[in-house]
>>> print(open('entry.csv').read())   # CSV, C-alpha atoms
chain,number,residue,atom,x,y,z
A,1,MET,CA,-9.2,124.8,-8.6
A,2,ILE,CA,-8.2,126.3,-5.3
A,3,THR,CA,-10.6,126.3,-2.5
A,4,PRO,CA,-10.4,128.5,0.5
A,5,TYR,CA,-9.5,125.4,2.7
A,6,THR,CA,-6.7,124.2,0.6
A,7,PRO,CA,-3.3,125.1,2.1
A,8,LYS,CA,-1.4,127.6,0.0
A,9,PRO,CA,1.5,126.2,-2.0
A,10,ARG,CA,3.9,128.7,-0.6
A,11,SER,CA,3.3,127.5,3.0
A,12,ALA,CA,3.8,123.9,1.9
A,13,ILE,CA,7.1,124.8,0.2
A,14,ALA,CA,8.2,126.7,3.3
A,15,LEU,CA,7.3,123.8,5.5
A,16,ALA,CA,9.1,121.4,3.3
A,17,LEU,CA,12.2,123.6,3.2
A,18,PHE,CA,12.1,123.9,7.0
A,19,VAL,CA,11.9,120.2,7.4
A,20,VAL,CA,14.8,119.7,5.0
A,21,ALA,CA,16.8,122.3,6.8
A,22,VAL,CA,16.2,120.8,10.2
A,23,PHE,CA,17.0,117.3,8.8
A,24,SER,CA,20.2,118.6,7.2
A,25,ALA,CA,21.3,120.3,10.4
A,26,GLU,CA,20.6,117.2,12.3
A,27,MET,CA,22.6,115.1,9.8
A,28,PHE,CA,25.5,117.7,9.9
A,29,TRP,CA,25.5,117.6,13.7
A,30,LEU,CA,25.5,113.8,13.7
A,31,TYR,CA,28.2,113.6,11.1
A,32,ASN,CA,30.4,115.9,13.1
A,33,TRP,CA,29.7,113.8,16.2
A,34,HIS,CA,30.7,110.7,14.2
A,35,ILE,CA,33.9,112.5,13.1
A,36,SER,CA,34.8,113.4,16.7
A,37,ASN,CA,34.2,109.9,17.8
A,38,GLU,CA,36.5,108.7,15.0
A,39,ALA,CA,39.2,111.2,16.1
A,40,LEU,CA,38.7,109.9,19.7
A,41,TYR,CA,39.2,106.3,18.5
A,42,VAL,CA,42.4,107.3,16.6
A,43,ASN,CA,43.7,109.0,19.7
A,44,ASN,CA,42.9,106.0,21.8
A,45,VAL,CA,44.7,103.7,19.5
A,46,ARG,CA,47.8,106.0,19.5
A,47,GLN,CA,47.7,106.3,23.3
A,48,ALA,CA,47.3,102.5,23.7
A,49,ASN,CA,50.3,101.9,21.4
A,50,GLN,CA,52.4,104.5,23.4
A,51,ASN,CA,51.3,102.9,26.7
A,52,TYR,CA,52.3,99.5,25.4
A,53,LEU,CA,55.7,100.7,24.3
A,54,ASP,CA,56.3,102.6,27.6
A,55,GLU,CA,55.1,99.6,29.6
A,56,ARG,CA,57.4,97.3,27.7
A,57,LYS,CA,60.4,99.6,28.1
A,58,LEU,CA,59.6,99.9,31.8
A,59,THR,CA,59.4,96.1,32.2
A,60,GLN,CA,62.7,95.7,30.4
A,61,LEU,CA,64.2,98.5,32.6
A,62,LYS,CA,62.9,96.9,35.8
A,63,ALA,CA,64.2,93.5,34.7
A,64,ALA,CA,67.7,94.9,33.9
A,65,ALA,CA,67.9,97.3,36.8
A,66,VAL,CA,70.3,95.2,38.8
A,67,ARG,CA,72.6,94.6,35.8
A,68,ILE,CA,72.5,98.2,34.8
A,69,ASN,CA,73.4,99.4,38.2
A,70,SER,CA,76.2,96.8,38.5
A,71,LEU,CA,77.6,97.6,35.1
A,72,TYR,CA,77.4,101.4,35.8
A,73,LEU,CA,79.2,100.9,39.0
A,74,ARG,CA,81.8,98.8,37.4
A,75,LEU,CA,82.4,101.3,34.6
A,76,GLN,CA,82.3,104.4,36.7
A,77,ASP,CA,84.3,103.1,39.6
A,78,PRO,CA,87.7,103.0,37.9
A,79,ILE,CA,87.3,106.2,35.9
A,80,VAL,CA,90.2,108.5,36.8
A,81,PRO,CA,89.4,112.0,38.1
A,82,ALA,CA,90.6,114.8,35.9
A,83,ARG,CA,93.8,116.3,37.3
A,84,ASP,CA,96.6,118.7,36.7
A,85,GLY,CA,94.5,121.9,36.5
A,86,GLN,CA,92.0,120.5,34.1
A,87,GLN,CA,88.8,122.4,34.6
A,88,LEU,CA,86.7,119.2,34.7
A,89,PRO,CA,84.6,118.3,37.7
A,90,SER,CA,84.9,114.8,38.9
A,91,ILE,CA,82.1,112.5,37.9
A,92,GLU,CA,82.6,109.7,40.4
A,93,GLY,CA,81.3,111.3,43.6
A,94,ALA,CA,81.2,108.8,46.4
A,95,ASN,CA,82.0,105.8,44.1
A,96,ALA,CA,85.5,106.9,43.3
A,97,ARG,CA,88.4,104.9,44.6
A,98,GLN,CA,91.0,107.5,45.2
A,99,ASN,CA,93.7,105.6,46.9
A,100,GLY,CA,96.4,108.1,46.0
A,101,PRO,CA,97.6,110.6,43.4
A,102,GLU,CA,97.9,107.9,40.7
A,103,PRO,CA,95.1,105.8,39.2
A,104,VAL,CA,94.6,102.4,40.8
A,105,VAL,CA,95.8,100.7,37.6
A,106,ILE,CA,99.1,102.5,37.7
A,107,GLN,CA,99.4,101.8,41.4
A,108,ASP,CA,98.9,98.1,40.7
A,109,LEU,CA,101.4,98.1,37.8
A,110,THR,CA,103.9,99.9,39.9
A,111,LYS,CA,103.5,97.4,42.7
A,112,ALA,CA,104.0,94.6,40.2
A,113,GLY,CA,107.4,96.0,39.2
A,114,PHE,CA,106.8,98.7,36.6
A,115,VAL,CA,108.2,102.2,36.9
A,116,ALA,CA,105.6,104.8,35.8
A,117,VAL,CA,105.9,108.3,34.7
A,118,PRO,CA,103.1,110.6,33.5
A,119,GLY,CA,103.0,111.0,29.8
A,120,THR,CA,101.8,113.8,27.6
A,121,LYS,CA,98.1,113.7,26.8
A,122,ARG,CA,96.6,114.8,23.6
A,123,ARG,CA,95.2,118.3,23.5
A,124,HIS,CA,91.5,118.7,24.5
A,125,GLU,CA,91.3,115.1,25.5
A,126,ALA,CA,89.8,113.9,28.7
A,127,SER,CA,92.5,111.4,29.5
A,128,VAL,CA,95.5,110.7,31.6
A,129,VAL,CA,98.6,109.1,30.0
A,130,PHE,CA,101.4,107.1,31.7
A,131,GLU,CA,104.5,105.6,30.3
A,132,LEU,CA,105.7,102.5,32.1
A,133,ALA,CA,108.8,100.3,31.9
A,134,SER,CA,110.0,97.2,33.6
A,135,ASP,CA,112.9,94.8,33.2
A,136,ARG,CA,111.8,92.5,35.9
A,137,LEU,CA,108.7,90.6,34.7
A,138,GLU,CA,108.5,87.5,32.7
A,139,PHE,CA,105.9,87.0,29.9
A,140,HIS,CA,103.8,84.6,32.0
A,141,ARG,CA,103.5,87.3,34.7
A,142,ILE,CA,102.9,90.2,32.4
A,143,VAL,CA,99.9,88.6,30.6
A,144,PRO,CA,97.7,88.0,33.8
A,145,LEU,CA,98.8,91.4,35.2
A,146,PHE,CA,97.5,93.2,32.0
A,147,ALA,CA,94.4,91.0,32.0
A,148,GLN,CA,93.6,92.0,35.6
A,149,GLU,CA,94.1,95.6,34.9
A,150,GLU,CA,92.1,95.6,31.7
A,151,ASN,CA,89.3,93.8,33.5
A,152,SER,CA,89.3,96.3,36.4
A,153,ASN,CA,89.3,99.3,34.2
A,154,ALA,CA,87.3,99.2,31.0
A,155,PHE,CA,88.8,102.5,29.9
A,156,LEU,CA,92.4,101.5,30.0
A,157,PHE,CA,93.9,101.7,26.6
A,158,ILE,CA,97.4,100.3,26.0
A,159,ASP,CA,98.4,102.5,23.0
A,160,HIS,CA,101.9,101.1,22.8
A,161,LEU,CA,103.5,98.0,24.1
A,162,GLU,CA,106.9,96.5,23.5
A,163,LEU,CA,108.0,93.3,25.1
A,164,LYS,CA,111.6,92.4,24.2
A,165,ARG,CA,113.8,89.5,25.2
A,166,PRO,CA,117.1,90.8,26.5
A,167,ALA,CA,120.0,90.5,24.0
A,168,THR,CA,121.9,88.5,26.6
A,169,THR,CA,119.3,85.7,26.6
A,170,GLU,CA,119.8,83.1,23.9
A,171,PRO,CA,116.8,81.9,21.9
A,172,PHE,CA,115.1,78.8,23.3
A,173,SER,CA,116.6,79.4,26.7
A,174,VAL,CA,114.8,77.3,29.3
A,175,HIS,CA,115.5,79.7,32.1
A,176,PRO,CA,112.9,82.2,33.2
A,177,THR,CA,113.5,85.4,31.2
A,178,ALA,CA,112.5,88.8,32.5
A,179,LEU,CA,111.5,90.9,29.5
A,180,GLU,CA,112.3,94.5,28.7
A,181,SER,CA,108.8,95.9,28.8
A,182,ARG,CA,107.7,99.3,27.7
A,183,LEU,CA,104.2,100.5,27.4
A,184,LYS,CA,102.2,103.7,27.1
A,185,VAL,CA,98.7,103.6,28.6
A,186,ARG,CA,95.9,106.0,28.4
A,187,MET,CA,92.8,106.2,30.6
A,188,PHE,CA,89.5,108.0,30.0
A,189,THR,CA,88.6,110.7,32.5
A,190,SER,CA,85.1,111.9,32.2
A,191,ALA,CA,84.2,115.6,32.5
A,192,THR,CA,80.5,115.4,33.4
A,193,GLN,CA,77.9,113.0,34.6
B,1,MET,CA,13.8,107.4,12.7
B,2,PRO,CA,17.2,106.6,11.1
B,3,ALA,CA,18.5,109.8,12.6
B,4,VAL,CA,17.4,108.8,16.0
B,5,VAL,CA,19.0,105.3,15.6
B,6,TRP,CA,22.2,107.0,14.4
B,7,LEU,CA,22.1,109.4,17.3
B,8,VAL,CA,21.7,106.7,19.9
B,9,TYR,CA,24.5,104.7,18.2
B,10,GLU,CA,26.9,107.6,18.1
B,11,TRP,CA,26.1,108.5,21.7
B,12,GLN,CA,26.9,104.9,22.8
B,13,VAL,CA,30.1,104.8,20.8
B,14,GLY,CA,31.2,108.1,22.1
B,15,GLU,CA,30.6,107.0,25.7
B,16,ASP,CA,32.7,103.8,25.1
B,17,LYS,CA,35.5,105.8,23.6
B,18,ARG,CA,35.6,108.4,26.3
B,19,ALA,CA,35.7,105.6,28.9
B,20,ARG,CA,38.5,104.0,27.1
B,21,ALA,CA,40.4,107.3,26.8
B,22,ALA,CA,40.0,107.8,30.6
B,23,GLN,CA,41.4,104.3,31.2
B,24,LEU,CA,44.3,104.9,28.9
B,25,ALA,CA,45.1,108.2,30.6
B,26,ASN,CA,45.1,106.4,34.0
B,27,ASP,CA,47.5,103.8,32.6
B,28,ALA,CA,49.7,106.5,31.2
B,29,ALA,CA,49.8,108.3,34.5
B,30,ARG,CA,50.6,105.0,36.3
B,31,ILE,CA,53.4,104.2,33.8
B,32,ALA,CA,54.8,107.8,34.2
B,33,ALA,CA,54.9,107.4,38.0
B,34,ALA,CA,56.7,104.0,37.7
B,35,LYS,CA,59.1,105.5,35.1
B,36,LYS,CA,59.9,108.3,37.5
B,37,ALA,CA,60.9,105.8,40.1
B,38,LEU,CA,63.3,104.2,37.6
B,39,ALA,CA,64.7,107.6,36.4
B,40,ASP,CA,68.0,107.0,38.0
B,41,THR,CA,68.4,103.5,36.3
B,42,GLU,CA,67.4,105.1,33.0
B,43,ARG,CA,70.0,107.8,33.4
B,44,LYS,CA,72.6,105.2,34.2
B,45,LEU,CA,71.6,103.2,31.1
B,46,ARG,CA,71.9,106.3,28.9
B,47,ARG,CA,75.4,107.0,30.4
B,48,ILE,CA,76.4,103.4,29.6
B,49,GLU,CA,75.1,103.8,26.1
B,50,ASP,CA,77.1,107.0,25.7
B,51,LEU,CA,80.3,105.2,26.7
B,52,THR,CA,79.7,102.3,24.3
B,53,PRO,CA,82.0,103.7,21.5
B,54,VAL,CA,84.9,103.8,23.9
B,55,LEU,CA,84.2,100.3,25.2
B,56,ARG,CA,83.9,98.9,21.7
B,57,ALA,CA,87.2,100.5,20.6
B,58,ARG,CA,89.3,98.8,23.3
B,59,LEU,CA,90.9,95.7,21.9
B,60,PRO,CA,92.1,93.8,25.0
B,61,ILE,CA,95.8,93.6,24.7
B,62,SER,CA,96.1,90.9,27.3
B,63,ALA,CA,93.8,88.6,25.3
B,64,VAL,CA,96.0,89.2,22.2
B,65,LEU,CA,99.1,88.3,24.3
B,66,GLY,CA,97.3,85.3,25.7
B,67,LYS,CA,96.5,84.0,22.2
B,68,ILE,CA,100.1,84.6,21.1
B,69,GLU,CA,101.3,82.5,24.0
B,70,GLN,CA,98.7,79.8,23.3
B,71,PHE,CA,99.5,79.5,19.6
B,72,THR,CA,103.2,79.7,19.7
B,73,PRO,CA,104.5,76.3,18.6
B,74,ARG,CA,107.3,74.5,20.4
B,75,ASP,CA,109.8,75.0,17.5
B,76,LEU,CA,109.4,78.8,17.6
B,77,VAL,CA,110.5,81.4,20.1
B,78,LEU,CA,109.7,85.1,20.3
B,79,SER,CA,112.2,87.8,20.7
B,80,ARG,CA,110.0,90.9,20.5
B,81,ILE,CA,106.3,91.7,20.5
B,82,THR,CA,105.2,95.2,19.6
B,83,ILE,CA,101.6,96.4,19.7
B,84,ASP,CA,100.7,99.9,18.5
B,85,SER,CA,97.3,101.5,18.3
B,86,GLY,CA,96.5,103.7,15.3
B,87,ASN,CA,93.9,105.4,13.2
B,88,PHE,CA,92.6,107.4,16.1
B,89,GLN,CA,89.2,109.0,15.9
B,90,PRO,CA,87.9,111.5,18.4
B,91,VAL,CA,84.6,110.6,20.2
B,92,GLN,CA,82.5,113.2,21.8
B,93,LEU,CA,81.3,112.2,25.3
B,94,GLU,CA,79.1,114.9,26.6
B,95,LYS,CA,81.5,117.8,27.1
B,96,SER,CA,84.7,115.8,26.7
B,97,LEU,CA,86.7,114.3,23.9
B,98,PHE,CA,88.4,111.0,23.8
B,99,GLN,CA,90.5,109.5,21.0
B,100,ILE,CA,89.6,105.9,20.2
B,101,PRO,CA,91.9,103.7,18.1
B,102,GLY,CA,90.5,102.3,14.9
B,103,GLN,CA,93.3,99.8,14.3
B,104,ILE,CA,95.9,97.8,16.2
B,105,MET,CA,99.2,96.8,14.6
B,106,ILE,CA,100.9,93.7,16.0
B,107,VAL,CA,104.5,93.0,15.2
B,108,ILE,CA,106.0,89.7,16.3
B,109,GLU,CA,109.7,88.9,15.9
B,110,GLY,CA,111.5,85.7,16.8
B,111,GLU,CA,113.4,82.6,15.8
B,112,GLN,CA,112.2,79.3,14.6
B,113,THR,CA,113.7,75.9,13.8
B,114,ALA,CA,110.9,74.6,11.6
B,115,ALA,CA,110.2,76.1,8.2
B,116,ASP,CA,106.5,77.1,8.6
B,117,ALA,CA,106.2,77.6,12.4
B,118,SER,CA,105.7,81.4,12.0
B,119,LYS,CA,103.2,80.8,9.2
B,120,SER,CA,101.2,78.5,11.5
B,121,LEU,CA,101.3,81.1,14.3
B,122,ALA,CA,100.2,83.8,11.9
B,123,GLU,CA,97.3,81.8,10.6
B,124,LYS,CA,96.0,80.7,14.0
B,125,LEU,CA,96.4,84.3,15.3
B,126,LEU,CA,94.5,85.6,12.3
B,127,GLN,CA,91.5,83.3,13.1
B,128,SER,CA,91.3,84.7,16.6
B,129,LEU,CA,91.7,88.4,15.8
B,130,PRO,CA,88.6,90.5,15.0
B,131,PRO,CA,87.1,90.0,11.5
B,132,GLY,CA,88.8,92.2,9.0
B,133,SER,CA,92.3,91.5,10.5
B,134,LYS,CA,95.0,90.7,8.0
B,135,ILE,CA,98.7,89.7,7.8
B,136,SER,CA,100.4,92.8,6.6
B,137,GLU,CA,103.9,91.4,6.3
B,138,THR,CA,105.8,88.2,6.7
B,139,ASN,CA,109.5,88.2,6.6
B,140,LEU,CA,111.6,85.1,7.0
B,141,VAL,CA,115.4,85.2,7.0
B,142,GLU,CA,117.5,82.1,6.8
B,143,GLY,CA,120.1,81.7,9.4
B,144,THR,CA,122.1,79.2,11.4
B,145,PRO,CA,121.1,77.6,13.7
B,146,PHE,CA,117.7,79.5,13.6
B,147,LYS,CA,115.7,81.2,11.0
B,148,THR,CA,114.5,84.6,12.2
B,149,PHE,CA,111.1,85.9,11.3
B,150,ARG,CA,109.1,89.1,11.5
B,151,LEU,CA,105.4,89.0,11.3
B,152,THR,CA,103.1,92.0,11.1
B,153,LEU,CA,99.3,91.8,11.6
B,154,SER,CA,96.8,94.5,11.7
B,155,ALA,CA,93.4,94.2,13.5
B,156,PRO,CA,90.5,96.6,13.4
B,157,ALA,CA,89.2,97.7,16.8
B,158,ASN,CA,85.6,97.0,15.9
B,159,GLY,CA,84.2,95.5,19.1
B,160,ASN,CA,84.1,91.9,17.8
B,161,TYR,CA,86.7,90.4,20.1
B,162,PHE,CA,84.9,87.1,20.8
B,163,GLY,CA,87.6,85.2,18.9
B,164,LEU,CA,90.1,86.3,21.5
B,165,GLY,CA,87.9,84.6,24.2
B,166,VAL,CA,86.5,87.9,25.4
B,167,THR,CA,83.0,88.0,26.7
B,168,LYS,CA,80.6,91.0,26.6
B,169,ILE,CA,81.2,93.3,29.5
B,170,ALA,CA,77.5,93.2,30.3
B,171,ALA,CA,77.4,89.4,30.4
B,172,GLU,CA,76.3,88.1,33.7
B,173,ASN,CA,79.4,86.1,34.4
B,174,SER,CA,81.6,89.1,33.8
B,175,LEU,CA,79.9,91.3,36.4
>>> encode(input="entry.csv", output="structure tokens")
Amino acid sequence: MITPYTPKPRSAIALALFVVAVFSAEMFWLYNWHISNEALYVNNVRQANQNYLDERKLTQLKAAAVRINSLYLRLQDPIVPARDGQQLPSIEGANARQNGPEPVVIQDLTKAGFVAVPGTKRRHEASVVFELASDRLEFHRIVPLFAQEENSNAFLFIDHLELKRPATTEPFSVHPTALESRLKVRMFTSATQ
Amino acid sequence: MPAVVWLVYEWQVGEDKRARAAQLANDAARIAAAKKALADTERKLRRIEDLTPVLRARLPISAVLGKIEQFTPRDLVLSRITIDSGNFQPVQLEKSLFQIPGQIMIVIEGEQTAADASKSLAEKLLQSLPPGSKISETNLVEGTPFKTFRLTLSAPANGNYFGLGVTKIAAENSL
């Protein structure tokens, strides 16, 4: 039996629905907050990993800076500037050793007794080519000379080498023998830096 | 009540994570500034890395000649050494091209008094040349008073030249 003081069922249902709706909205809002916190956590983990990698790379770079600079200088210094109308800007800048019209390696070989003439370079190649010949150098002088030049220029390629004992020298001769030496060398010239 | 607890918990967690994010952002900015100071070194390193294929392809001929000199037995004499590069491959270096050799052919001719002197030279030389090297041809002609020989070896220009006594270009003692 319904008395005049008993709340009406419709009001109770409406109140219940309102409470459920408020509670659901609150849950939804909290859940979204939780999701955004999770996303923030993932971003933080990613950023921390990236920072760790960058920091490690930076530490390695700092530790190797002196060696990198030395190696760079050593590699760049002997690179031959592009010549003969090649439209290639020089990369060496102030570091270049331009003692003359010929590369330092060729100058050294010429001083040692070789005769050098410019060779034909391959098309579209950033290089200079020289053909050299000598009949004045013994084997024990040629080896250290080549070693010195190869050490001084990491881009010196000896594409062809022929060392020949003169026909007039007998095998097992105990006298110093100047060899007939012919070689073709190629050096990298860089276009850009 | 549970919702309030959850609310407080999420708020605390959110604050911690935001504080952590701010700290990480500061670290990132500090690292970026330090990296900027080392930009020139990094550029040089990239340049060196670009040049690596060219450096790897250069088999040092002086080291090969040194090994020939070292391994030549007393009962053998050389009359001719020919070294030729082959199997050229173009390498793109920024805007320029450079042909790098893939293989080196070594031909040694000479005279010997002992029967297996050239064989001994070839075997020792093969051990010093880069892995993958091989003896392509051995030719021995009987004669009086010397036997003449012709030895052909091929070696790949693969960057592994340690057998020739070559050290890495970046090694401290080579700088």
>>> closest_residue(input="entry.csv", among="B:Pro60, B:Pro131, B:Gly110, B:Gly66", to="Pro156 (chain B)", atoms="only C-alpha atoms")
B:Pro131
>>> interface_residues(input="entry.csv", of="chain B", to="chain A", cutoff="8 Å", atoms="only C-alpha atoms", output="PyMOL selection string")
chain B and resi 3+6-7+10+13-14+17-18+20-21+24-25+27-28+31+34-35+38+41-42+44-45+47-48+54-55+58+60-63+65-66+77-85+93-99+111+169-170+172+175
>>> residues_around(input="entry.csv", residues="Asp116 (chain B)", least_positions_apart="4", cutoff="12 Å", atoms="all atoms listed in the file", output="CSV table (one decimal) with C-alpha atoms, in the coordinates of the input")
chain,number,residue,atom,x,y,z
B,72,THR,CA,103.2,79.7,19.7
B,73,PRO,CA,104.5,76.3,18.6
B,75,ASP,CA,109.8,75.0,17.5
B,76,LEU,CA,109.4,78.8,17.6
B,111,GLU,CA,113.4,82.6,15.8
B,112,GLN,CA,112.2,79.3,14.6
B,120,SER,CA,101.2,78.5,11.5
B,121,LEU,CA,101.3,81.1,14.3
B,122,ALA,CA,100.2,83.8,11.9
B,123,GLU,CA,97.3,81.8,10.6
B,138,THR,CA,105.8,88.2,6.7
B,139,ASN,CA,109.5,88.2,6.6
B,140,LEU,CA,111.6,85.1,7.0
B,147,LYS,CA,115.7,81.2,11.0
B,148,THR,CA,114.5,84.6,12.2
B,149,PHE,CA,111.1,85.9,11.3
>>> atom_distance(input="entry.csv", atom1="CA of Leu125 (chain B)", atom2="CA of Arg56 (chain B)")
20.3 Å
>>> atom_distance(input="entry.csv", atom1="CA of Tyr9 (chain B)", atom2="CA of Asn32 (chain A)")
13.6 Å
>>> closest_residue(input="entry.csv", among="B:Ser118, B:Ser128, B:Ser136, B:Thr52", to="Lys168 (chain B)", atoms="all atoms listed in the file")
B:Thr52
>>> atom_distance(input="entry.csv", atom1="CA of Glu49 (chain B)", atom2="CA of Glu102 (chain A)")
27.4 Å
>>> closest_residue(input="entry.csv", among="B:Val166, B:Gly143, B:Lys67, B:Asn158", to="Leu126 (chain B)", atoms="only C-alpha atoms")
B:Lys67
